[in-house]
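Shown next, in C-alpha cells, is the structure this report addresses.
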Amino acid sequence: MSLLPKFRRMKSYPPDHDYWYSPVGAPTSSGVKVDERTALKYLAVMSCVSLISSDIARLPLNLYRKRKDGGKDIVTDNQLYDLLHNSPNPETTSFNFREALQGHLLLWGNTYAYIDREKIGGKIKGLWQISDPGPVKVSRRKSDGAIIYTYKNQNGKDVTRTREQIFHIPGYGFNGLAGMSMISIAREAIGLGVAAETLGSSYFGQGTHPAGTIEMDGVLGDNRKEYTEILKKQYAGLGQAHNIMLLEHGLKYKPLTIPLDDSQFLETREFQKIEICGMYHVPPHKIAIHGHNSDNNSLETENANYVDSCLMGWITRWESNIALQLLTQAQRKQGFFFEFVVQGLLRGNSQARAEYYNKIFQIGGIKPNEIRSKENMNPVEGGDELFVMMNMIPLSQAKDLTINGDGTPPKEPGNNPEPDTKASLSDFFSEKRARKAAEAKSIQIRDKIAKQYAPLILDAAQAIVNRETKAIKNKIINMSRAGVSMEKFLDEFYRDFPEYINQKMGPVLRSYMNSIIDATNTELGIDGESLDTEIKDYIDTYAKRHISSSQGQMESLIPAGLDQLEIRAEEWQERRPEKISTDEGVRASGFAFQAVVFGAGFSTVWRIRGPKTCPFCRSLNGKVVSRGQSFVKDGDELNPDGAEAPMKIRGTKAHAPLHAGCDCYMSVI
C-alpha cells in the first residue's frame with residue numbers, strides 16, 4: 001500500500017487541528033496512536049508501570065562485602081552506598097531516582113543516568129537521571145569501538161558521553177547495546193484497549209442513547225424540529241430512563257440498540273487489561289483485576305510468584321549493571337557487591353512468619369536478634385547466640401555434647417554421672433573438651449567438602465579407567481594382527497597417559513584441595529599463602545602413582561595369558577573408580593590440610609574415626625608429626641595387637657590414608 005494517500009490525509013488537517021499537537025506515535029489498527037507517554041493514559045499500563053517501579057524503588061539497596069566463610073557484611077562507609085541507598089544527588093531521593101529509572105525501563109526499554117565523577121581519581125560524586133530516554137542514541141565510536149551515548153542536554157544541545165559517564169540499564173534486546181521499547185512491541189494491544197475505553201466513554205457520555213426508532217404514516221414537514229425537541233426533553237438522558245413513553249396518531253416505537261454487555265464489550269476491555277498484565281508479568285490481582293490469577297493459589301503464593309517471575313528479572317538487571325558500571329574491578333575482586341533486600345516483599349501473615357522463624361530457630365539457623373530485626377524490633381541482651389533443640393542450650397555448647405573427640409556418639413544421659421560439684425562443671429567446660437569440640441567441627445567441615453566432591457572425583461576416575469581398559473581390550477583383540485608386543489604397547493600407551501589423567505582429574509582435585517585449604521585457613525584464622533605449586537606437584541604425583549599401579553598390574557599378568565589381562569580390566573571397570581574416589585578423597589584432603597598446618601608452623605596429629613578402626617590405624621592414633629616428619633616410612637612394619645599379620649609399609653606416609661579404604665584424618669595440634 002502506498003504511503004502517499006496517508007500523507008495526503010495528514011496534509012488535509014487544518015493548521016489548528018488537534019492532530020498537529022498530538023504526541024507523535026505510530027498508528028495502530030484500532031486507529032489510536034500509541035507511544036511511551038500516551039500509553040500511560042491507559043490505566044492498565046499505568047497500574048503495572050507504577051506498581052513495578054514503586055516496588056523496585058522501595059526495596060533497600062545495600063552494599064555488601066563477601067566474607068571468606070561465605071557470609072557477607074553490610075558496608076555503610078562507602079560513598080556509593082550513600083548515593084544508591086539514600087540520595088544519588090542533592091535534588092533526588094533514592095526512591096524517586098530508582099522509581100523514575102525503572103519506569104523508563106518499563107516504557108522505553110532503557111534507562112540512563114549521567115555519572116558525575118571527580119576530575120582527579122574518577123570517584124563518583126553523584127548520579128543524575130536523563131529525563132527523556134527516548135532520543136538517546138547508543139552506538140560505537142568508529143575510532144576505537146567504544147560505546148558512546150548521544151542525546152540533548154537541558155539546553156537543547158547535542159552532547160556525547162562515554163561509557164564511564166553514563167549509567168545505562170538496558171532492557172530486553174538483541175544487539176547487546178540497548179533494549180527494545182516494550183510499548184512499541186505491544187502497541188496494537190494497548191491501542192485496542194484505549195479504543196475500547198474510548199468507545200465506552202462515548203457511549204455513556206452522549207446523554208441520549210438511540211435505543212430505537214419511531215415510525216409514523218406521512219411526513220412531519222416543518223414540525224420535525226419541534227417534535228424531536230419534545231422527545232428529547234421528555235425521554236432523553238439518563239434522568240429520563242425507564243419513563244413511560246406515550247405515543248399518539250399511530251406512532252410506533254421499535255428498539256434498535258444492542259446493549260454493550262451483549263456485544264462482549266466488557267469482556268473485550270477486561271481481556272486487554274489481562275494482556276497488559278501478561279506483558280509485564282504482573283498477577284492481575286496486583287492491579288485490582290480479581291478472579292484471573294494463574295490457578296487457585298492463595299494471594300500470598302501469587303505475591304511470591306510476582307516477586308519471582310516479575311521483579312527478580314529487573315532486580316538482577318539493576319544489581320549486575322551496578323556491579324559492572326559503578327563498582328571498579330578492584331572493588332569487585334575485594335568482594336564488594338550491591339544487593340536488593342527482597343525479604344520484606346515475601347513476608348506472609350503473622351502465623352506463617354512465626355512458624356518459619358520457629359523452624360529455623362530450632363536448628364540453629366537464625367539468632368533471636370536476627371528475628372527481632374526482621375520484625376523491626378530492637379535487639380535484646382543475649383540474643384546473639386544460636387540455639388538448637390536440646391533443652392535449648394547455645395549451639396556453641398551443643399556441639400561439645402553431640403560429638404566426642406574420638407568421633408564416637410555420646411553416652412546416654414542415664415549413664416552420665418550428675419555433676420554435683422563445681423569441679424565437675426569446670427571439667428565439663430575445660431580447655432581439653434573445647435579443643436576436642438573444635439577438632440570435631442574441623443573434620444565435619446572437611447567431611448562435608450569431601451562428600452560434595454566425591455561424585456566429581458568418581459566421574460573423573462571412571463573416565464580414566466574406561467580409557468585405559470578400552471585401549472587394553474582393543475589391543476588384546478588385535479594382538480594377532482599387530483606386530484607390537486603387549487609390553488611395548490603398555491609402555492607407549494602409559495607414556496602419554498599422564499596428559500589425559502591431568503585433563504580429567506586435575507581440575508577436580510585442584511578445586512577440591514583449594515576448598516580444603518580455604519576451610520583450614522578459616523579454622524586457623526590465617527590468610528595463608530598460595531599452594532598452587534604444591535597442588536600441581538600432588539596431581540602430577542597422582543598421575544604417576546596411577547600409571548605405576550596400572551602398568552605394574554598388567555605387566556605382572558602377561559605371563560599368565562592375555563585372558564588374565566582382560567579379566568583384570570573388567571575388574572577395574574567394576575571396582576576401581578569407587579576405590580580411587582574413596583582413597584583420593586582422604587589422601588588429597590589430608591595433603592591439603594597438612595600443607596596449611598605446616599605452613600602456619602603447627603603440627604598434625606593422627607586421628608581415627610572410632611572403635612571399629614583397624615588395629616594398624618589405631619596404633620597410630622594420637623601420634624604427632626611436624627614439617628619434614630612422617631607417621632611411618634617406606635619399609636616399616638606395623639604389627640599391633642589384634643592384627644592377624646604384620647603390615648609392610650610401602651611408601652612414606654606423612655598423612656592418611658594408611659591403606660586402601662582408610663578413612664582416618666589429621667588434626668592440628
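Just so we're on the same page: first chain in the C-alpha cells is A, next is B, and so on; residues restart at 1 for each chain, and ligands are numbered from 1 in the order they show up.
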**Request:** Determine, counting only C-alpha atoms, which protein, DNA and RNA residues have an atom within 12 Å of an atom of A:Gly134; residues of the same chain fewer than 3 positions away are not included. Present the result as a count of residues only.
**Result:** 24
- Message: Ranking A:Asp384, A:Glu529, A:Asp158, A:Glu584 by minimum distance to A:Thr541 and counting only C-alpha atoms, which one comes first?
- Response: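 When distances to A:Thr541 are compared using only C-alpha atoms, the smallest one comes from A:Glu584.
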Picked from stretch 53-183 of chain A by DSSP as helix (DSSP H, G or I), as a PyMOL selection string:
chain A and resi 53-58+79-85+94-108+163-165+182-183
**Asked** Can you list, as a ChimeraX atom specification, every protein, DNA or RNA residue that comes within 12 Å of A:Thr533 when you count only C-alpha atoms, leaving out same-chain residues fewer than 4 positions away?
**Response** /A:510,514,529,537-540,592,595
Just the selected residues (C-alpha atoms), exported as a short mmCIF file (atom, residue, chain, number, x, y, z; two decimals), in the first residue's frame, please.
```
data_model
loop_
_atom_site.label_atom_id
_atom_site.label_comp_id
_atom_site.auth_asym_id
_atom_site.auth_seq_id
_atom_site.Cartn_x
_atom_site.Cartn_y
_atom_site.Cartn_z
CA ARG A 510 42.60 -28.74 42.31
CA ASN A 514 41.56 -25.44 47.36
CA GLU A 529 49.96 -18.42 51.15
CA ASP A 537 53.02 -31.50 42.31
CA TYR A 538 50.36 -33.57 44.06
CA ILE A 539 48.33 -34.02 40.85
CA ASP A 540 51.47 -34.99 38.91
CA ALA A 592 45.95 -30.05 51.63
CA ALA A 595 50.24 -28.28 53.93
#
```
Using only C-alpha atoms, what does the table of stretch 514-625 of chain A residues within 7 Å of stretch 453-468 of chain A look like, with each row giving the shortest atom pair and its distance in Å to one decimal, sorted by chain and ascending number, as a tab-separated table?
```
residue	atom	partner	partner_atom	distance
A:Trp572	CA	A:Val465	CA	6.9
A:Gln573	CA	A:Val465	CA	6.4
A:Pro577	CA	A:Ala461	CA	5.0
A:Glu578	CA	A:Leu458	CA	6.2
A:Ile580	CA	A:Ala461	CA	6.6
A:Ser581	CA	A:Leu458	CA	5.0
A:Gly585	CA	A:Ala454	CA	6.8
```
From the DSSP assignment of the backbone, select every residue of stretch 112-149 of chain A that is strand (DSSP E), and format the answer as a ChimeraX atom specification. /A:112-117,124-129,137-140,147-149
If you count only C-alpha atoms, the residue of A:Met486, A:Ala656, A:Ala57, A:Ile449 closest to A:Ala519 turns out to be A:Ile449
So that I can see what lies close to A:Arg618, please list as a PDB file with C-alpha atoms, in the first residue's frame the residues with an atom at most 10 Å from it, counting only C-alpha atoms and leaving out residues fewer than 5 positions away in the same chain.
```pdb
ATOM      1  CA  TRP A 606      46.703 -38.781  63.535  1.00  0.00           C
ATOM      2  CA  ARG A 607      43.040 -39.354  64.445  1.00  0.00           C
ATOM      3  CA  ILE A 608      40.824 -42.389  63.935  1.00  0.00           C
ATOM      4  CA  ARG A 609      37.073 -42.461  63.390  1.00  0.00           C
ATOM      5  CA  GLY A 610      36.071 -44.806  66.208  1.00  0.00           C
ATOM      6  CA  PRO A 611      36.479 -48.221  67.839  1.00  0.00           C
ATOM      7  CA  LYS A 612      35.847 -50.113  64.570  1.00  0.00           C
ATOM      8  CA  THR A 613      39.037 -48.723  63.015  1.00  0.00           C
ATOM      9  CA  PRO A 640      49.903 -54.158  66.612  1.00  0.00           C
ATOM     10  CA  ASP A 641      47.799 -56.256  68.965  1.00  0.00           C
ATOM     11  CA  CYS A 664      41.500 -41.601  59.202  1.00  0.00           C
TER      12      CYS A 664
END
```
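Counting from atom CA of A:Leu63, the distance to atom CA of A:Ala354 is 28.6 Å.
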(Q) I want to know what sits within 10 Å of stretch 69-74 of chain A, based on only C-alpha atoms, with residues of the same chain fewer than 6 positions away left out; could you give that as an MDAnalysis selection string? (A) chainID A and resid 62:63 81 335:339 518:519 522:523
Residues from the last selection, C-alpha atoms, saved as a short mmCIF file (atom, residue, chain, number, x, y, z; two decimals), in the first residue's frame:
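Contents of out_6.cif, freshly written:
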```cif
data_model
loop_
_atom_site.label_atom_id
_atom_site.label_comp_id
_atom_site.auth_asym_id
_atom_site.auth_seq_id
_atom_site.Cartn_x
_atom_site.Cartn_y
_atom_site.Cartn_z
CA ASN A 62 22.66 -2.27 50.28
CA LEU A 63 26.38 -2.53 49.63
CA TYR A 81 26.25 3.20 49.45
CA GLY A 335 34.20 -8.86 47.31
CA PHE A 336 32.04 -5.73 47.14
CA PHE A 337 28.57 -6.08 45.62
CA PHE A 338 25.16 -4.39 45.76
CA GLU A 339 22.05 -6.40 46.56
CA ASP A 518 40.22 -22.31 52.40
CA ALA A 519 38.39 -24.13 55.20
CA THR A 522 39.47 -20.10 58.19
CA GLU A 523 39.84 -22.65 61.01
#
```
TODO: Determine the nearest neighbour of A:Asn502 from the options A:Lys451, A:Lys623, A:His546, A:Lys333, counting only C-alpha atoms.
DONE: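 Of the candidates, the smallest distance to A:Asn502 is held by A:His546.
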A:Val380 proximity check over A:Ile445, A:Phe174, A:Asn358, A:Pro368, using only C-alpha atoms: winner is A:Pro368
